[in-house]
Every structure is written in C-alpha cells, then in structure tokens.
Amino acid sequence: MLTLYTGRDTCLVHTEPVAGSACDGVVWFDLVSPTAEEDRFVERQMGVSIPTRDEALEIETSSRLYEEGGALYMTAVTLCQADSERPGTTTVTFILAANRLATVRYEDTRPFSHFEGRALKPGSGVLDGTDVLLGLTDSVVDRVADVLERVGAEVDQISSQIFAHDIGSRDARSRDYGRLIRAIARQGHTIGKTQESLVSFSRLLGFFAEQGPQSGLTVEEKGHITTLQQDIKSISDYATALDNKVVFLLDATLGLVGLEQNTIVKIFSVLAVVFMPPTLIASIYGMNFRLMPELDWTFGYPMALGMMLASVLVTYTVFKWRGWL
C-alpha cells in the first residue's frame with residue numbers, strides 16, 4: 001500500500017497518486033508491504049532505488065546506514081505487536097533525498113499511525129521529509145518508553161507476588177511458579193525487543209547527525225536530534241535496569257522453587273525418621289517367635305502400641321528441641 005503526503009501551510013495532507021504525473025509537492029511516500037509497481041512508482045518520483053525486504057534485513061551497519069546518489073538510506077528496527085503475548089520487531093527503511101522521505105515497512109505499527117494523526121492536524125509544523133523523519137523517530141521513542149513503563153509496572157507486580165509470602169507457608173506453596181517464570185520470561189523478551197529498537201534508532205540518529213549537514217539541517221533540527229539521542233540514552237538506561245531486575249526475579253524465583261522443594265524433602269525426611277522407631281518395634285513383635293513372652297501376655301498388644309506412640313513423641317520432641325522442625 002502506498003500513501004502520499006504533501007506539506008501544506010502548517011501540516012501534512014493526504015495526496016492521491018496519479019499515474020503518469022509528477023508528485024513534486026509530495027514530501028512523504030509511505031510504503032507498507034509495497035507491490036513491485038508501487039516500488040517503481042516511488043523510484044521514478046524520487047530518483048532513488050527502493051531496497052528489497054531481504055536487503056533491509058541485513059544486520060551490518062554498512063548495509064543499513066549508507067549514502068547513495070545523494071540520498072540517505074537508513075534502516076532501523078521498531079516494535080510491533082507490543083501489546084500481544086509475543087512482541088516482535090520489524091524493519092523500517094527511511095530514504096531521504098532532496099528533503100523528501102520514503103518509508104518502506106512491512107507492518108502497520110502504532111508509532112506511524114500516531115505520528116500520522118498528529119502530522120495531519122493544522123499547526124503540527126511537519127512540512128518536509130526531515131520533519132517527518134524526526135517526527136517518526138520521536139513517535140517510535142515515545143512508544144518504546146510507554147511499553148517500558150508498562151513492563152516496569154508488570155515487573156513490580158510480579159515481584160510482589162514472588163515475595164508476598166514466607167517460604168513454606170500455605171500461600172507460598174499454592175503459588176504457581178510455572179506461571180510466574182513464564183511471566184518473567186515474557187517481560188524479559190519485551191525488554192530485549194525494546195533494546196534492539198533503541199540501539200538501531202540510536203545508530204540511525206548518529207548517522208543522520210553526521211550526514212545531515214550535507215542536506216542543510218537547521219539549528220532546530222540539530223537540537224531535535226540531540227534531544228532524541230539523550231532520550232534514547234535515558235530510556236536505554238531504564239531498559240537495562242529493568243532487564244537486571246528481571247534477571248534477579250528469575251534467579252529469585254528459581255531459588256524459591258529450590259527452597260520449596262527442600263522444605264518438602266525435609267518434611268518427608270522428618271516423617272521417615274519419626275516413624276522409624278515404631279517400625280522397628282512393629283518389626284520385632286511381628287516376628288512371632290514361639291518363645292516370645294509378650295505373645296501370651298494380656299497387655300502385650302497395648303504395650304507395643306504404647307511403645308510406638310512413645311517413640312514417636314520422643315523423636316518429635318528431640319527434633320523440636322534441636323530446631324530441626
């Protein structure tokens with residue numbers, strides 16, 4: 001799908017493409033999962049080549065950030081499906097030539113729709129390709145910050161669930177550790193995707209700051225780039241802190257699982273020791289030797305039961321006194 005935007009007065013406006021005619025006033029060509037015909041149309045209008053999807057997936061910096069024929073090619077990674085169970089990332093290629101921007105993407109991500117709604121409002125001040133590029137980057141960074149804020153709240157909630165009860169208590173034993181571990185892993189996965197996006201846009205802004213002066217960046221645009229770089233750094237630091245907290249919670253959860261298992265093993269070990277003397281007594285009187293005097297004694301059976309009970313009480317008292325229970 002191809003969408004065209006023209007800078008007019010103080011904002012962007014939609015423009016319908018007309019086959020065979022020039023689009024001189026268009027400042028933003030937005031390609032979403034483009035067809036070959038749409039690729040060729042934008043190439044004719046901007047005088048640039050549109051990278052294929054396989055080329056956009058190259059991870060080398062030289063393949064993602066380069067200048068060719070007076071146009072800047074910048075590919076970054078942005079979040080997609082961030083509110084789902086399995087957030088992912090998708091590549092977005094920005095092609096800036098003669099202050100006109102073409103974006104090539106294969107997912108309809110939220111930052112683009114948010115920026116579009118803002119840029120179409122009168123007074124937005126988005127008039128050319130550089131404004132669009134910086135505005136989209138700003139929207140992506142805001143989206144990452146929102147996602148990390150949500151992740152931080154969920155991580156705090158998981159933390160309270162993990163450390164809410166004492167080890168060995170009834171509530172602690174009823175905790176679903178499998179669910180907690182899956183929740184922690186999900187938050188760690190989301191943080192990893194946000195860090196990947198932040199790193200790619202940090203590189204993009206660094207490249208654009210170096211190559212941008214050739215395109216005549218204004219003082220305001222340079223200041224905007226600096227602000228975005230500072231925002232990315234602060235958000236990256238927050239993401240790193242969250243990632244460390246997630247690792248701590250995962251280690252703590254696994255440690256609690258081990259402690260719970262040790263508590264259960266301890267209970268069975270104590271029970272085995274407590275019932276060992278009664279078992280010995282029952283084994284002795286279960287031999288049924290003919291000359292065993294207690295067999296013919298009226299109180300032999302009650303005596304054996306009493307000895308078993310007494311041995312249990314003595315063993316329990318010793319364990320309690322030594323602090324083993």
# chains A, B, ... in the order shown; residues from 1 in each chain; ligands from 1
$ residues_around --residues "Leu96 of chain A" --least-positions-apart "5" --cutoff "8 Å" --atoms "only C-alpha atoms" --output "list in words"
Ala71, Leu72, Tyr73, Leu101, Ala102, Gly129 and Thr130 of chain A
$ closest_atom_pairs --of "segment 10-127 of chain A" --to "segment 133-154 of chain A" --cutoff "10 Å" --atoms "only C-alpha atoms" --output "JSON lines"
{"residue": "A:Trp28", "atom": "CA", "partner": "A:Leu133", "partner_atom": "CA", "distance": 9.2}
{"residue": "A:Ala76", "atom": "CA", "partner": "A:Thr137", "partner_atom": "CA", "distance": 9.8}
{"residue": "A:Val77", "atom": "CA", "partner": "A:Val140", "partner_atom": "CA", "distance": 9.8}
{"residue": "A:Thr78", "atom": "CA", "partner": "A:Val140", "partner_atom": "CA", "distance": 7.0}
{"residue": "A:Leu79", "atom": "CA", "partner": "A:Val144", "partner_atom": "CA", "distance": 7.5}
{"residue": "A:Ala82", "atom": "CA", "partner": "A:Val147", "partner_atom": "CA", "distance": 7.2}
{"residue": "A:Asp83", "atom": "CA", "partner": "A:Val147", "partner_atom": "CA", "distance": 8.2}
{"residue": "A:Phe94", "atom": "CA", "partner": "A:Leu133", "partner_atom": "CA", "distance": 7.5}
{"residue": "A:Ile95", "atom": "CA", "partner": "A:Leu133", "partner_atom": "CA", "distance": 9.3}
{"residue": "A:Leu96", "atom": "CA", "partner": "A:Leu133", "partner_atom": "CA", "distance": 8.4}
{"residue": "A:Asn99", "atom": "CA", "partner": "A:Leu133", "partner_atom": "CA", "distance": 9.9}
{"residue": "A:Arg100", "atom": "CA", "partner": "A:Leu133", "partner_atom": "CA", "distance": 9.6}
{"residue": "A:Leu101", "atom": "CA", "partner": "A:Leu133", "partner_atom": "CA", "distance": 7.3}
{"residue": "A:Ala102", "atom": "CA", "partner": "A:Leu133", "partner_atom": "CA", "distance": 9.3}
{"residue": "A:Thr103", "atom": "CA", "partner": "A:Leu133", "partner_atom": "CA", "distance": 9.0}
{"residue": "A:Thr109", "atom": "CA", "partner": "A:Val140", "partner_atom": "CA", "distance": 9.3}
{"residue": "A:Arg110", "atom": "CA", "partner": "A:Arg143", "partner_atom": "CA", "distance": 7.9}
{"residue": "A:Pro111", "atom": "CA", "partner": "A:Ser139", "partner_atom": "CA", "distance": 5.1}
{"residue": "A:Phe112", "atom": "CA", "partner": "A:Leu136", "partner_atom": "CA", "distance": 6.5}
{"residue": "A:Ser113", "atom": "CA", "partner": "A:Ser139", "partner_atom": "CA", "distance": 9.3}
{"residue": "A:His114", "atom": "CA", "partner": "A:Ser139", "partner_atom": "CA", "distance": 7.1}
{"residue": "A:Phe115", "atom": "CA", "partner": "A:Ser139", "partner_atom": "CA", "distance": 6.1}
{"residue": "A:Glu116", "atom": "CA", "partner": "A:Leu136", "partner_atom": "CA", "distance": 8.7}
{"residue": "A:Arg118", "atom": "CA", "partner": "A:Gly135", "partner_atom": "CA", "distance": 9.4}
{"residue": "A:Ala119", "atom": "CA", "partner": "A:Gly135", "partner_atom": "CA", "distance": 8.4}
{"residue": "A:Val126", "atom": "CA", "partner": "A:Gly135", "partner_atom": "CA", "distance": 7.9}
$ write_last_selection --atoms "C-alpha atoms" --output "mmCIF file, in the first residue's frame"
data_model
loop_
_atom_site.group_PDB
_atom_site.id
_atom_site.type_symbol
_atom_site.label_atom_id
_atom_site.label_comp_id
_atom_site.auth_asym_id
_atom_site.auth_seq_id
_atom_site.Cartn_x
_atom_site.Cartn_y
_atom_site.Cartn_z
ATOM 1 C CA TRP A 28 6.489 11.671 2.288
ATOM 2 C CA ALA A 76 16.053 0.734 11.796
ATOM 3 C CA VAL A 77 14.098 -1.742 13.889
ATOM 4 C CA THR A 78 10.818 -0.803 15.541
ATOM 5 C CA LEU A 79 8.444 -2.643 17.853
ATOM 6 C CA ALA A 82 3.978 -4.833 21.601
ATOM 7 C CA ASP A 83 0.671 -5.398 23.426
ATOM 8 C CA PHE A 94 13.946 5.613 5.617
ATOM 9 C CA ILE A 95 15.144 7.071 2.304
ATOM 10 C CA LEU A 96 15.775 10.826 2.415
ATOM 11 C CA ASN A 99 14.267 16.718 1.650
ATOM 12 C CA ARG A 100 11.663 14.168 0.538
ATOM 13 C CA LEU A 101 11.213 10.991 2.533
ATOM 14 C CA ALA A 102 10.194 7.486 1.549
ATOM 15 C CA THR A 103 9.485 4.895 4.262
ATOM 16 C CA THR A 109 2.977 -0.209 13.609
ATOM 17 C CA ARG A 110 1.404 2.111 16.167
ATOM 18 C CA PRO A 111 4.104 4.867 16.102
ATOM 19 C CA PHE A 112 3.384 5.516 12.421
ATOM 20 C CA SER A 113 -0.364 5.813 12.954
ATOM 21 C CA HIS A 114 0.162 8.107 15.953
ATOM 22 C CA PHE A 115 2.527 10.333 14.029
ATOM 23 C CA GLU A 116 0.203 10.445 11.042
ATOM 24 C CA ARG A 118 -0.503 14.310 14.737
ATOM 25 C CA ALA A 119 1.098 15.466 11.485
ATOM 26 C CA VAL A 126 5.543 18.985 9.772
#
$ residues_around --residues "segment 33-37 of chain A" --least-positions-apart "2" --cutoff "12 Å" --atoms "only C-alpha atoms" --output "ChimeraX atom specification"
/A:1-3,19,29-31,39-44,49-53,90-93,102-108
$ write_last_selection --atoms "N, CA, C and O atoms" --output "tab-separated table (two decimals), in the first residue's frame"
chain	number	residue	atom	x	y	z
A	1	MET	N	0.85	-1.19	0.00
A	1	MET	CA	0.00	0.00	0.00
A	1	MET	C	0.88	1.24	0.00
A	1	MET	O	1.87	1.30	0.73
A	2	LEU	N	0.52	2.20	-0.81
A	2	LEU	CA	1.27	3.45	-0.94
A	2	LEU	C	0.39	4.62	-0.52
A	2	LEU	O	-0.74	4.76	-0.99
A	3	THR	N	0.92	5.45	0.39
A	3	THR	CA	0.22	6.65	0.82
A	3	THR	C	1.14	7.85	0.62
A	3	THR	O	2.33	7.78	0.99
A	19	ALA	N	-1.28	8.25	-11.85
A	19	ALA	CA	-0.37	7.54	-12.75
A	19	ALA	C	0.08	8.45	-13.87
A	19	ALA	O	-0.72	9.15	-14.49
A	29	PHE	N	6.51	9.60	1.06
A	29	PHE	CA	5.95	8.42	0.39
A	29	PHE	C	6.00	7.27	1.40
A	29	PHE	O	7.09	6.80	1.76
A	30	ASP	N	4.86	6.83	1.85
A	30	ASP	CA	4.79	5.77	2.86
A	30	ASP	C	4.39	4.46	2.19
A	30	ASP	O	3.25	4.30	1.75
A	31	LEU	N	5.33	3.53	2.15
A	31	LEU	CA	5.11	2.23	1.52
A	31	LEU	C	4.95	1.17	2.60
A	31	LEU	O	5.84	0.98	3.44
A	39	ASP	N	6.76	0.19	-5.83
A	39	ASP	CA	8.20	0.46	-5.72
A	39	ASP	C	8.70	1.26	-6.91
A	39	ASP	O	9.42	2.26	-6.75
A	40	ARG	N	8.34	0.84	-8.10
A	40	ARG	CA	8.80	1.53	-9.30
A	40	ARG	C	8.25	2.95	-9.36
A	40	ARG	O	8.94	3.88	-9.80
A	41	PHE	N	7.02	3.16	-8.93
A	41	PHE	CA	6.42	4.50	-8.92
A	41	PHE	C	7.23	5.45	-8.04
A	41	PHE	O	7.57	6.57	-8.45
A	42	VAL	N	7.55	5.01	-6.82
A	42	VAL	CA	8.32	5.86	-5.91
A	42	VAL	C	9.74	6.06	-6.43
A	42	VAL	O	10.30	7.17	-6.31
A	43	GLU	N	10.32	5.05	-7.01
A	43	GLU	CA	11.67	5.20	-7.58
A	43	GLU	C	11.68	6.25	-8.67
A	43	GLU	O	12.62	7.07	-8.75
A	44	ARG	N	10.66	6.27	-9.51
A	44	ARG	CA	10.60	7.30	-10.58
A	44	ARG	C	10.39	8.68	-9.98
A	44	ARG	O	11.00	9.65	-10.45
A	49	SER	N	16.56	4.15	-5.58
A	49	SER	CA	16.20	2.74	-5.65
A	49	SER	C	15.64	2.30	-4.30
A	49	SER	O	16.15	2.69	-3.25
A	50	ILE	N	14.59	1.50	-4.33
A	50	ILE	CA	13.96	1.02	-3.10
A	50	ILE	C	14.57	-0.33	-2.73
A	50	ILE	O	14.52	-1.27	-3.53
A	51	PRO	N	15.17	-0.46	-1.54
A	51	PRO	CA	15.76	-1.75	-1.14
A	51	PRO	C	14.68	-2.83	-1.00
A	51	PRO	O	13.54	-2.55	-0.66
A	52	THR	N	15.08	-4.04	-1.28
A	52	THR	CA	14.18	-5.17	-1.08
A	52	THR	C	14.10	-5.50	0.41
A	52	THR	O	14.88	-4.99	1.23
A	53	ARG	N	13.16	-6.37	0.76
A	53	ARG	CA	13.00	-6.74	2.16
A	53	ARG	C	14.22	-7.50	2.67
A	53	ARG	O	14.65	-7.30	3.82
A	90	THR	N	10.14	-5.19	13.61
A	90	THR	CA	10.09	-5.16	12.16
A	90	THR	C	11.00	-4.04	11.66
A	90	THR	O	11.22	-3.04	12.37
A	91	THR	N	11.53	-4.22	10.49
A	91	THR	CA	12.45	-3.21	9.95
A	91	THR	C	11.67	-2.11	9.23
A	91	THR	O	10.62	-2.35	8.64
A	92	VAL	N	12.20	-0.90	9.33
A	92	VAL	CA	11.67	0.25	8.62
A	92	VAL	C	12.84	0.94	7.92
A	92	VAL	O	13.84	1.26	8.57
A	93	THR	N	12.71	1.15	6.64
A	93	THR	CA	13.76	1.82	5.88
A	93	THR	C	13.32	3.25	5.56
A	93	THR	O	12.23	3.47	5.03
A	102	ALA	N	10.95	8.70	1.85
A	102	ALA	CA	10.19	7.49	1.55
A	102	ALA	C	10.43	6.50	2.69
A	102	ALA	O	11.57	6.31	3.12
A	103	THR	N	9.38	5.92	3.22
A	103	THR	CA	9.48	4.89	4.26
A	103	THR	C	8.97	3.58	3.71
A	103	THR	O	7.92	3.53	3.07
A	104	VAL	N	9.72	2.53	3.96
A	104	VAL	CA	9.36	1.19	3.49
A	104	VAL	C	9.26	0.29	4.71
A	104	VAL	O	10.23	0.10	5.43
A	105	ARG	N	8.08	-0.24	4.95
A	105	ARG	CA	7.85	-1.10	6.11
A	105	ARG	C	6.89	-2.22	5.72
A	105	ARG	O	6.21	-2.14	4.70
A	106	TYR	N	6.84	-3.23	6.60
A	106	TYR	CA	6.04	-4.42	6.30
A	106	TYR	C	5.08	-4.75	7.43
A	106	TYR	O	4.48	-5.81	7.43
A	107	GLU	N	4.93	-3.84	8.39
A	107	GLU	CA	3.96	-3.97	9.48
A	107	GLU	C	3.34	-2.60	9.71
A	107	GLU	O	4.00	-1.57	9.61
A	108	ASP	N	2.05	-2.59	10.03
A	108	ASP	CA	1.37	-1.34	10.35
A	108	ASP	C	1.54	-1.08	11.84
A	108	ASP	O	0.72	-1.48	12.66
$ residues_around --residues "segment 303-319 of chain A" --least-positions-apart "2" --cutoff "12 Å" --atoms "only C-alpha atoms" --output "NGL selection string"
:A and (267 or 269-286 or 294-295 or 297-301 or 321-325)
$ atom_distance --atom1 "atom CA of Leu127 of chain A" --atom2 "atom CA of Val32 of chain A"
21.2 Å
$ select_by_dssp --residues "segment 28-226 of chain A" --states "strand (DSSP E)" --output "PyMOL selection string"
chain A and resi 28-32+65-68+71-80+88-97+100-105
$ residues_around --residues "Ala252 of chain A" --least-positions-apart "6" --cutoff "10 Å" --atoms "only C-alpha atoms" --output "count of residues only"
5
$ atom_distance --atom1 "atom CA of Asp131 of chain A" --atom2 "atom CA of Val199 of chain A"
21.3 Å
$ atom_distance --atom1 "atom CA of Gly192 of chain A" --atom2 "atom CA of Ser234 of chain A"
15.9 Å
$ closest_residue --among "A:Ile191, A:Val257, A:Val219, A:Ile264" --to "Leu242 of chain A" --atoms "only C-alpha atoms"
A:Ile191
$ closest_residue --among "A:Glu67, A:Glu196, A:Asp24, A:Asp54" --to "Gly88 of chain A" --atoms "only C-alpha atoms"
A:Glu196
$ closest_residue --among "A:His14, A:Arg64, A:Lys233, A:Lys266" --to "Gln195 of chain A" --atoms "only C-alpha atoms"
A:Lys233
$ closest_residue --among "A:Cys11, A:Val265, A:Ala239, A:Leu198" --to "Gly123 of chain A" --atoms "only C-alpha atoms"
A:Cys11
$ residues_around --residues "Ala183 of chain A" --least-positions-apart "3" --cutoff "9 Å" --atoms "only C-alpha atoms" --output "PyMOL selection string"
chain A and resi 154-155+158+178-180+186-188
$ closest_residue --among "A:Gln229, A:Ser84, A:Ser124, A:Asn244" --to "Leu204 of chain A" --atoms "only C-alpha atoms"
A:Gln229
